$ cat final.pdb   # PDB, C-alpha atoms
ATOM      1  CA  MET A   1     -13.713  20.228  -4.238
ATOM      2  CA  THR A   2     -16.333  17.763  -3.101
ATOM      3  CA  PHE A   3     -14.962  14.236  -3.199
ATOM      4  CA  ASP A   4     -16.746  11.878  -5.566
ATOM      5  CA  PRO A   5     -15.708   8.183  -5.540
ATOM      6  CA  ALA A   6     -16.609   8.020  -9.253
ATOM      7  CA  THR A   7     -13.621  10.259 -10.046
ATOM      8  CA  LEU A   8     -11.098   7.644  -8.885
ATOM      9  CA  LYS A   9      -9.387   5.382 -11.399
ATOM     10  CA  TYR A  10     -10.479   1.784 -11.061
ATOM     11  CA  ASP A  11      -8.986  -1.246 -12.758
ATOM     12  CA  ALA A  12     -10.792  -3.376 -15.339
ATOM     13  CA  ALA A  13     -12.648  -5.131 -12.505
ATOM     14  CA  GLY A  14     -13.812  -1.792 -11.070
ATOM     15  CA  LEU A  15     -11.418  -1.992  -8.115
ATOM     16  CA  ILE A  16      -8.824   0.271  -6.524
ATOM     17  CA  PRO A  17      -6.151  -0.850  -4.042
ATOM     18  CA  ALA A  18      -6.498   0.530  -0.519
ATOM     19  CA  ILE A  19      -3.591   0.504   1.920
ATOM     20  CA  ALA A  20      -4.580   0.460   5.586
ATOM     21  CA  GLN A  21      -2.163   2.202   7.936
ATOM     22  CA  ASP A  22      -2.421   2.420  11.717
ATOM     23  CA  ALA A  23      -3.073   6.126  12.323
ATOM     24  CA  ALA A  24      -1.333   6.062  15.688
ATOM     25  CA  SER A  25       1.766   3.939  15.063
ATOM     26  CA  GLY A  26       2.211   4.406  11.304
ATOM     27  CA  GLU A  27       2.408   0.647  10.826
ATOM     28  CA  VAL A  28       1.175  -0.569   7.440
ATOM     29  CA  LEU A  29      -1.428  -3.182   8.321
ATOM     30  CA  MET A  30      -2.753  -4.616   5.055
ATOM     31  CA  MET A  31      -3.731  -3.920   1.490
ATOM     32  CA  ALA A  32      -7.109  -4.847   0.052
ATOM     33  CA  TRP A  33      -9.457  -3.652  -2.671
ATOM     34  CA  MET A  34     -12.441  -1.337  -2.853
ATOM     35  CA  ASN A  35     -14.967  -0.565  -5.550
ATOM     36  CA  ALA A  36     -16.699   2.818  -5.769
ATOM     37  CA  ASP A  37     -19.512   1.698  -3.478
ATOM     38  CA  ALA A  38     -17.061   0.405  -0.877
ATOM     39  CA  VAL A  39     -15.263   3.766  -0.947
ATOM     40  CA  ALA A  40     -18.584   5.546  -0.388
ATOM     41  CA  ARG A  41     -19.629   3.148   2.380
ATOM     42  CA  THR A  42     -16.289   3.568   4.135
ATOM     43  CA  LEU A  43     -16.720   7.349   4.158
ATOM     44  CA  ASP A  44     -20.396   7.226   5.085
ATOM     45  CA  THR A  45     -20.097   4.724   7.918
ATOM     46  CA  GLY A  46     -16.581   5.370   9.223
ATOM     47  CA  ARG A  47     -16.048   1.595   9.121
ATOM     48  CA  VAL A  48     -13.474   0.541   6.535
ATOM     49  CA  THR A  49     -15.263  -1.573   3.947
ATOM     50  CA  TYR A  50     -13.495  -3.463   1.199
ATOM     51  CA  TRP A  51     -14.708  -5.528  -1.734
ATOM     52  CA  SER A  52     -13.893  -9.190  -1.317
ATOM     53  CA  ARG A  53     -12.686 -10.489  -4.657
ATOM     54  CA  SER A  54     -13.012 -14.098  -3.532
ATOM     55  CA  ARG A  55     -16.569 -13.738  -2.224
ATOM     56  CA  SER A  56     -17.708 -10.982  -4.642
ATOM     57  CA  ALA A  57     -19.273  -9.168  -1.711
ATOM     58  CA  PHE A  58     -18.729  -6.166   0.525
ATOM     59  CA  TRP A  59     -16.307  -6.929   3.299
ATOM     60  CA  ILE A  60     -16.855  -4.755   6.347
ATOM     61  CA  LYS A  61     -13.512  -5.355   7.979
ATOM     62  CA  GLY A  62     -13.968  -7.027  11.355
ATOM     63  CA  GLU A  63     -17.720  -7.556  10.991
ATOM     64  CA  THR A  64     -17.438 -11.167  12.078
ATOM     65  CA  SER A  65     -14.094 -11.133  13.917
ATOM     66  CA  GLY A  66     -14.602  -7.851  15.767
ATOM     67  CA  HIS A  67     -11.259  -6.668  14.436
ATOM     68  CA  VAL A  68     -12.747  -3.538  12.933
ATOM     69  CA  GLN A  69     -11.011  -0.633  11.303
ATOM     70  CA  ASP A  70     -12.425   2.757  12.234
ATOM     71  CA  LEU A  71     -11.606   5.301   9.569
ATOM     72  CA  ILE A  72      -9.528   8.221  10.731
ATOM     73  CA  GLU A  73      -8.812   9.653   7.280
ATOM     74  CA  MET A  74      -8.898   8.619   3.636
ATOM     75  CA  ARG A  75      -6.219   9.870   1.267
ATOM     76  CA  VAL A  76      -5.994   9.683  -2.524
ATOM     77  CA  ASP A  77      -2.732   9.438  -4.448
ATOM     78  CA  CYS A  78      -1.549  11.710  -7.274
ATOM     79  CA  ASP A  79      -2.749   9.337  -9.992
ATOM     80  CA  ARG A  80      -6.074   8.764  -8.223
ATOM     81  CA  ASP A  81      -5.554   5.015  -8.609
ATOM     82  CA  CYS A  82      -4.618   4.100  -5.034
ATOM     83  CA  LEU A  83      -6.058   4.923  -1.611
ATOM     84  CA  LEU A  84      -4.459   5.193   1.801
ATOM     85  CA  VAL A  85      -6.806   4.725   4.744
ATOM     86  CA  LEU A  86      -5.568   5.780   8.155
ATOM     87  CA  VAL A  87      -7.370   3.652  10.703
ATOM     88  CA  ARG A  88      -7.824   2.813  14.331
ATOM     89  CA  GLN A  89      -7.372  -0.963  14.234
ATOM     90  CA  THR A  90      -9.011  -3.103  16.889
ATOM     91  CA  GLY A  91      -6.921  -6.232  17.493
ATOM     92  CA  PRO A  92      -5.059  -7.890  14.641
ATOM     93  CA  ALA A  93      -5.563  -6.739  11.047
ATOM     94  CA  CYS A  94      -4.381 -10.061   9.623
ATOM     95  CA  HIS A  95      -6.475 -13.231   9.453
ATOM     96  CA  THR A  96      -3.447 -15.049  10.929
ATOM     97  CA  ASN A  97      -4.043 -13.002  14.116
ATOM     98  CA  ARG A  98      -0.996 -10.874  13.566
ATOM     99  CA  ARG A  99      -1.223  -7.137  13.910
ATOM    100  CA  SER A 100      -0.109  -6.641  10.282
ATOM    101  CA  CYS A 101      -0.246  -8.847   7.196
ATOM    102  CA  PHE A 102       3.363  -7.894   6.413
ATOM    103  CA  TYR A 103       4.969 -10.177   8.981
ATOM    104  CA  THR A 104       7.454 -11.834   6.641
ATOM    105  CA  ALA A 105      10.690 -10.003   5.909
ATOM    106  CA  VAL A 106      13.334 -10.914   3.369
ATOM    107  CA  ARG A 107      16.635 -10.787   5.239
ATOM    108  CA  ASP A 108      19.879 -12.095   3.785
ATOM    109  CA  ALA A 109      17.769 -13.715   1.035
ATOM    110  CA  GLN A 110      15.810 -15.686   3.629
ATOM    111  CA  GLU A 111      12.134 -15.372   4.520
ATOM    112  CA  THR A 112      12.050 -14.385   8.167
ATOM    113  CA  GLU A 113       8.974 -14.161  10.364
ATOM    114  CA  ILE A 114       9.208 -10.905  12.292
ATOM    115  CA  MET A 115       5.860 -10.807  14.080
ATOM    116  CA  ALA A 116       4.030 -13.327  16.281
ATOM    117  CA  PRO A 117       0.260 -13.789  16.419
ATOM    118  CA  MET A 118      -1.400 -11.608  19.046
ATOM    119  CA  ALA A 119      -2.706 -13.107  22.264
ATOM    120  CA  ALA A 120      -6.483 -13.136  22.768
ATOM    121  CA  GLY A 121      -7.751  -9.770  23.948
ATOM    122  CA  GLU A 122      -4.513  -8.031  23.064
TER     123      GLU A 122
ATOM    124  CA  MET B   1      13.467 -20.505   3.655
ATOM    125  CA  THR B   2      15.287 -18.903   0.773
ATOM    126  CA  PHE B   3      13.148 -16.217  -0.819
ATOM    127  CA  ASP B   4      12.237 -16.830  -4.453
ATOM    128  CA  PRO B   5      10.351 -14.047  -6.299
ATOM    129  CA  ALA B   6       8.634 -16.748  -8.388
ATOM    130  CA  THR B   7       6.688 -17.864  -5.300
ATOM    131  CA  LEU B   8       4.793 -14.554  -5.069
ATOM    132  CA  LYS B   9       1.311 -14.260  -6.527
ATOM    133  CA  TYR B  10       1.200 -11.972  -9.527
ATOM    134  CA  ASP B  11      -1.884 -10.674 -11.315
ATOM    135  CA  ALA B  12      -2.858 -11.573 -14.871
ATOM    136  CA  ALA B  13      -0.300  -9.055 -16.152
ATOM    137  CA  GLY B  14       2.450 -10.650 -14.036
ATOM    138  CA  LEU B  15       2.530  -7.760 -11.568
ATOM    139  CA  ILE B  16       2.361  -7.366  -7.798
ATOM    140  CA  PRO B  17       1.629  -4.094  -5.941
ATOM    141  CA  ALA B  18       4.505  -2.710  -3.892
ATOM    142  CA  ILE B  19       3.927  -0.131  -1.158
ATOM    143  CA  ALA B  20       6.910   2.095  -0.414
ATOM    144  CA  GLN B  21       7.181   3.297   3.180
ATOM    145  CA  ASP B  22       9.798   5.650   4.603
ATOM    146  CA  ALA B  23      11.771   3.413   6.964
ATOM    147  CA  ALA B  24      12.590   6.284   9.286
ATOM    148  CA  SER B  25       9.323   8.220   9.527
ATOM    149  CA  GLY B  26       6.813   5.490   8.684
ATOM    150  CA  GLU B  27       5.219   7.710   6.059
ATOM    151  CA  VAL B  28       3.622   5.816   3.168
ATOM    152  CA  LEU B  29       5.235   7.352   0.106
ATOM    153  CA  MET B  30       3.713   5.654  -2.938
ATOM    154  CA  MET B  31       2.405   2.454  -4.439
ATOM    155  CA  ALA B  32       3.658   1.048  -7.726
ATOM    156  CA  TRP B  33       4.005  -2.331  -9.411
ATOM    157  CA  MET B  34       6.757  -4.909  -9.758
ATOM    158  CA  ASN B  35       7.115  -8.016 -11.833
ATOM    159  CA  ALA B  36       9.270 -10.954 -10.672
ATOM    160  CA  ASP B  37      12.366  -9.505 -12.329
ATOM    161  CA  ALA B  38      11.823  -6.121 -10.681
ATOM    162  CA  VAL B  39      11.541  -7.854  -7.294
ATOM    163  CA  ALA B  40      14.819  -9.670  -7.945
ATOM    164  CA  ARG B  41      16.555  -6.514  -9.183
ATOM    165  CA  THR B  42      15.378  -4.563  -6.141
ATOM    166  CA  LEU B  43      16.861  -7.183  -3.825
ATOM    167  CA  ASP B  44      20.045  -7.612  -5.860
ATOM    168  CA  THR B  45      20.839  -3.934  -6.305
ATOM    169  CA  GLY B  46      19.317  -2.386  -3.180
ATOM    170  CA  ARG B  47      17.707   0.214  -5.449
ATOM    171  CA  VAL B  48      13.926  -0.061  -5.547
ATOM    172  CA  THR B  49      12.938  -0.975  -9.091
ATOM    173  CA  TYR B  50       9.356  -1.057 -10.327
ATOM    174  CA  TRP B  51       7.790  -2.070 -13.605
ATOM    175  CA  SER B  52       6.333   0.890 -15.448
ATOM    176  CA  ARG B  53       2.978  -0.157 -16.861
ATOM    177  CA  SER B  54       2.805   2.931 -19.107
ATOM    178  CA  ARG B  55       6.293   2.465 -20.563
ATOM    179  CA  SER B  56       6.440  -1.352 -20.302
ATOM    180  CA  ALA B  57       9.957  -1.041 -18.925
ATOM    181  CA  PHE B  58      11.866  -1.353 -15.684
ATOM    182  CA  TRP B  59      11.631   1.816 -13.648
ATOM    183  CA  ILE B  60      14.595   2.269 -11.349
ATOM    184  CA  LYS B  61      13.014   4.819  -9.049
ATOM    185  CA  GLY B  62      14.943   8.096  -9.189
ATOM    186  CA  GLU B  63      17.249   7.034 -12.021
ATOM    187  CA  THR B  64      16.610  10.271 -13.921
ATOM    188  CA  SER B  65      15.371  12.529 -11.092
ATOM    189  CA  GLY B  66      17.902  11.464  -8.474
ATOM    190  CA  HIS B  67      15.021  10.779  -6.092
ATOM    191  CA  VAL B  68      16.124   7.232  -5.458
ATOM    192  CA  GLN B  69      14.752   4.722  -3.004
ATOM    193  CA  ASP B  70      17.405   2.692  -1.222
ATOM    194  CA  LEU B  71      15.959  -0.562   0.019
ATOM    195  CA  ILE B  72      16.082  -1.055   3.761
ATOM    196  CA  GLU B  73      13.853  -4.141   3.877
ATOM    197  CA  MET B  74      11.324  -5.967   1.706
ATOM    198  CA  ARG B  75       8.307  -7.585   3.346
ATOM    199  CA  VAL B  76       5.715  -9.984   1.928
ATOM    200  CA  ASP B  77       2.098 -10.130   3.053
ATOM    201  CA  CYS B  78       0.202 -13.187   4.269
ATOM    202  CA  ASP B  79      -1.371 -13.856   0.868
ATOM    203  CA  ARG B  80       1.946 -13.285  -0.930
ATOM    204  CA  ASP B  81       0.173 -10.913  -3.319
ATOM    205  CA  CYS B  82       1.449  -7.582  -1.989
ATOM    206  CA  LEU B  83       4.869  -6.228  -1.032
ATOM    207  CA  LEU B  84       5.934  -3.587   1.453
ATOM    208  CA  VAL B  85       9.307  -1.989   0.794
ATOM    209  CA  LEU B  86      10.866   0.023   3.576
ATOM    210  CA  VAL B  87      13.093   2.607   1.967
ATOM    211  CA  ARG B  88      15.423   5.507   2.486
ATOM    212  CA  GLN B  89      13.867   8.068   0.151
ATOM    213  CA  THR B  90      16.035  10.799  -1.327
ATOM    214  CA  GLY B  91      13.942  13.932  -1.924
ATOM    215  CA  PRO B  92      10.323  13.650  -2.991
ATOM    216  CA  ALA B  93       8.806  10.286  -3.886
ATOM    217  CA  CYS B  94       6.037  11.865  -5.960
ATOM    218  CA  HIS B  95       6.451  13.215  -9.493
ATOM    219  CA  THR B  96       4.634  16.366  -8.264
ATOM    220  CA  ASN B  97       7.680  16.994  -6.045
ATOM    221  CA  ARG B  98       5.823  16.156  -2.895
ATOM    222  CA  ARG B  99       7.348  13.836  -0.350
ATOM    223  CA  SER B 100       4.441  11.377  -0.696
ATOM    224  CA  CYS B 101       1.939  10.690  -3.461
ATOM    225  CA  PHE B 102      -0.857  10.650  -0.850
ATOM    226  CA  TYR B 103      -1.111  14.421  -0.443
ATOM    227  CA  THR B 104      -4.874  14.664  -0.915
ATOM    228  CA  ALA B 105      -7.097  13.955   2.076
ATOM    229  CA  VAL B 106     -10.860  13.632   2.139
ATOM    230  CA  ARG B 107     -12.021  15.859   5.009
ATOM    231  CA  ASP B 108     -15.666  16.733   5.566
ATOM    232  CA  ALA B 109     -16.370  15.271   2.112
ATOM    233  CA  GLN B 110     -13.941  17.749   0.525
ATOM    234  CA  GLU B 111     -10.653  17.004  -1.220
ATOM    235  CA  THR B 112      -7.993  18.826   0.786
ATOM    236  CA  GLU B 113      -4.341  19.211  -0.151
ATOM    237  CA  ILE B 114      -2.318  18.463   2.962
ATOM    238  CA  MET B 115       1.240  18.578   1.627
ATOM    239  CA  ALA B 116       3.147  21.181  -0.401
ATOM    240  CA  PRO B 117       5.790  20.409  -3.027
ATOM    241  CA  MET B 118       9.300  20.253  -1.578
ATOM    242  CA  ALA B 119      11.771  23.040  -2.189
ATOM    243  CA  ALA B 120      14.789  22.240  -4.372
ATOM    244  CA  GLY B 121      17.487  20.467  -2.398
ATOM    245  CA  GLU B 122      15.145  19.709   0.466
TER     246      GLU B 122
END
$ encode --input "final.pdb" --output "structure tokens"
Amino acid sequence: MTFDPATLKYDAAGLIPAIAQDAASGEVLMMAWMNADAVARTLDTGRVTYWSRSRSAFWIKGETSGHVQDLIEMRVDCDRDCLLVLVRQTGPACHTNRRSCFYTAVRDAQETEIMAPMAAGE
Amino acid sequence: MTFDPATLKYDAAGLIPAIAQDAASGEVLMMAWMNADAVARTLDTGRVTYWSRSRSAFWIKGETSGHVQDLIEMRVDCDRDCLLVLVRQTGPACHTNRRSCFYTAVRDAQETEIMAPMAAGE
């Protein structure tokens, strides 16, 4: 069946959550939102493109920072209301310069930082 | 810092997305929603507990099916508006009996099923 972004289930704002996972390591890097056009652009260009809720604009990941996400594969979940994008991540995915946005763990009821910011060029 | 579920950022419905990842294999299994009480219950009980939007009730994953998710670690993202739960998944995570809900890939613009339902007892 040909994939049509219009067949996904979007929320009231026209958005669907997209989980970015490092295709090589399996690490979950971040979660952000796409609208139908961002889904189509991601597939068409091979560059993962979200919808920025704060800026109300397309957000081509890494366009300014260089920390791009090249799409390896897009997957749809059983309810068609969540996407998983397997990516090749250049540099850090997180705006804090960490590889992943999920760098805070809850251990023994304490918030624990488990990941340091990456060095330049890493 | 002691972790307090009230410090997370919830949407207008009081919910936060939670990504479940197999702690051993790294496979992303599913995404569902938690409210602050579900976050607290998950941490308190070690059994991953979502909030069912369709039933408006707590959803202790696997309570009826036996396909439970034992919490290995909860992680919070940089914006505090998304959770990653590393789990030990018993059996399939998906209600279609597949290990993961993300069993449909978009390949060459076609929807492609990449995962079969698990056999009983698998």
$ interface_residues --input "final.pdb" --of "chain A" --to "chain B" --cutoff "9 Å" --atoms "all atoms listed in the file" --output "VMD selection string"
chain A and resid 1 to 4 17 19 21 25 to 28 30 to 31 43 73 to 79 82 to 84 94 to 96 100 to 112
$ write_last_selection --input "final.pdb" --atoms "C-alpha atoms" --output "compact mmCIF listing (two decimals), in the coordinates of the input"
# COMPACT_ATOMS: atom_id res chain seq x y z
CA MET A 1 -13.71 20.23 -4.24
CA THR A 2 -16.33 17.76 -3.10
CA PHE A 3 -14.96 14.24 -3.20
CA ASP A 4 -16.75 11.88 -5.57
CA PRO A 17 -6.15 -0.85 -4.04
CA ILE A 19 -3.59 0.50 1.92
CA GLN A 21 -2.16 2.20 7.94
CA SER A 25 1.77 3.94 15.06
CA GLY A 26 2.21 4.41 11.30
CA GLU A 27 2.41 0.65 10.83
CA VAL A 28 1.18 -0.57 7.44
CA MET A 30 -2.75 -4.62 5.06
CA MET A 31 -3.73 -3.92 1.49
CA LEU A 43 -16.72 7.35 4.16
CA GLU A 73 -8.81 9.65 7.28
CA MET A 74 -8.90 8.62 3.64
CA ARG A 75 -6.22 9.87 1.27
CA VAL A 76 -5.99 9.68 -2.52
CA ASP A 77 -2.73 9.44 -4.45
CA CYS A 78 -1.55 11.71 -7.27
CA ASP A 79 -2.75 9.34 -9.99
CA CYS A 82 -4.62 4.10 -5.03
CA LEU A 83 -6.06 4.92 -1.61
CA LEU A 84 -4.46 5.19 1.80
CA CYS A 94 -4.38 -10.06 9.62
CA HIS A 95 -6.48 -13.23 9.45
CA THR A 96 -3.45 -15.05 10.93
CA SER A 100 -0.11 -6.64 10.28
CA CYS A 101 -0.25 -8.85 7.20
CA PHE A 102 3.36 -7.89 6.41
CA TYR A 103 4.97 -10.18 8.98
CA THR A 104 7.45 -11.83 6.64
CA ALA A 105 10.69 -10.00 5.91
CA VAL A 106 13.33 -10.91 3.37
CA ARG A 107 16.64 -10.79 5.24
CA ASP A 108 19.88 -12.10 3.78
CA ALA A 109 17.77 -13.72 1.03
CA GLN A 110 15.81 -15.69 3.63
CA GLU A 111 12.13 -15.37 4.52
CA THR A 112 12.05 -14.38 8.17
$ axis_aligned_box --input "final.pdb" --around "range 111-114 of chain A" --padding-each-side "3 Å" --output "AutoDock Vina command-line options"
--center_x 10.6 --center_y -13.1 --center_z 8.4 --size_x 9.2 --size_y 10.5 --size_z 13.8
$ residues_around --input "final.pdb" --residues "Pro5 in chain B" --least-positions-apart "5" --cutoff "9 Å" --atoms "only C-alpha atoms" --output "list in words"
Asn35, Ala36, Asp37, Val39 and Ala40 of chain B
$ write_last_selection --input "final.pdb" --atoms "C-alpha atoms" --output "compact mmCIF listing (two decimals), in the coordinates of the input"
# COMPACT_ATOMS: atom_id res chain seq x y z
CA ASN B 35 7.12 -8.02 -11.83
CA ALA B 36 9.27 -10.95 -10.67
CA ASP B 37 12.37 -9.51 -12.33
CA VAL B 39 11.54 -7.85 -7.29
CA ALA B 40 14.82 -9.67 -7.94
$ residues_around --input "final.pdb" --residues "Glu122 in chain A" --least-positions-apart "2" --cutoff "12 Å" --atoms "all atoms listed in the file" --output "PyMOL selection string"
chain A and resi 67+89-92+97-99+117-120
$ atom_distance --input "final.pdb" --atom1 "CA of Ala24 in chain A" --atom2 "CA of Tyr50 in chain B"
29.0 Å
$ atom_distance --input "final.pdb" --atom1 "CA of Glu63 in chain A" --atom2 "CA of Ala20 in chain B"
28.8 Å
$ closest_residue --input "final.pdb" --among "B:Gly121, B:Leu15, B:Trp33, B:Val48" --to "Arg88 in chain B" --atoms "only C-alpha atoms"
B:Val48
$ atom_distance --input "final.pdb" --atom1 "CA of Ala38 in chain B" --atom2 "CA of Gly14 in chain A"
26.0 Å
$ resolve_selection --input "final.pdb" --expression "the PyMOL selection byres ((chain A and resi 47) around 7)" --output "list in words"
Thr42, Thr45, Gly46, Val48, Thr49, Ile60, Gln69, Asp70 and Leu71 of chain A
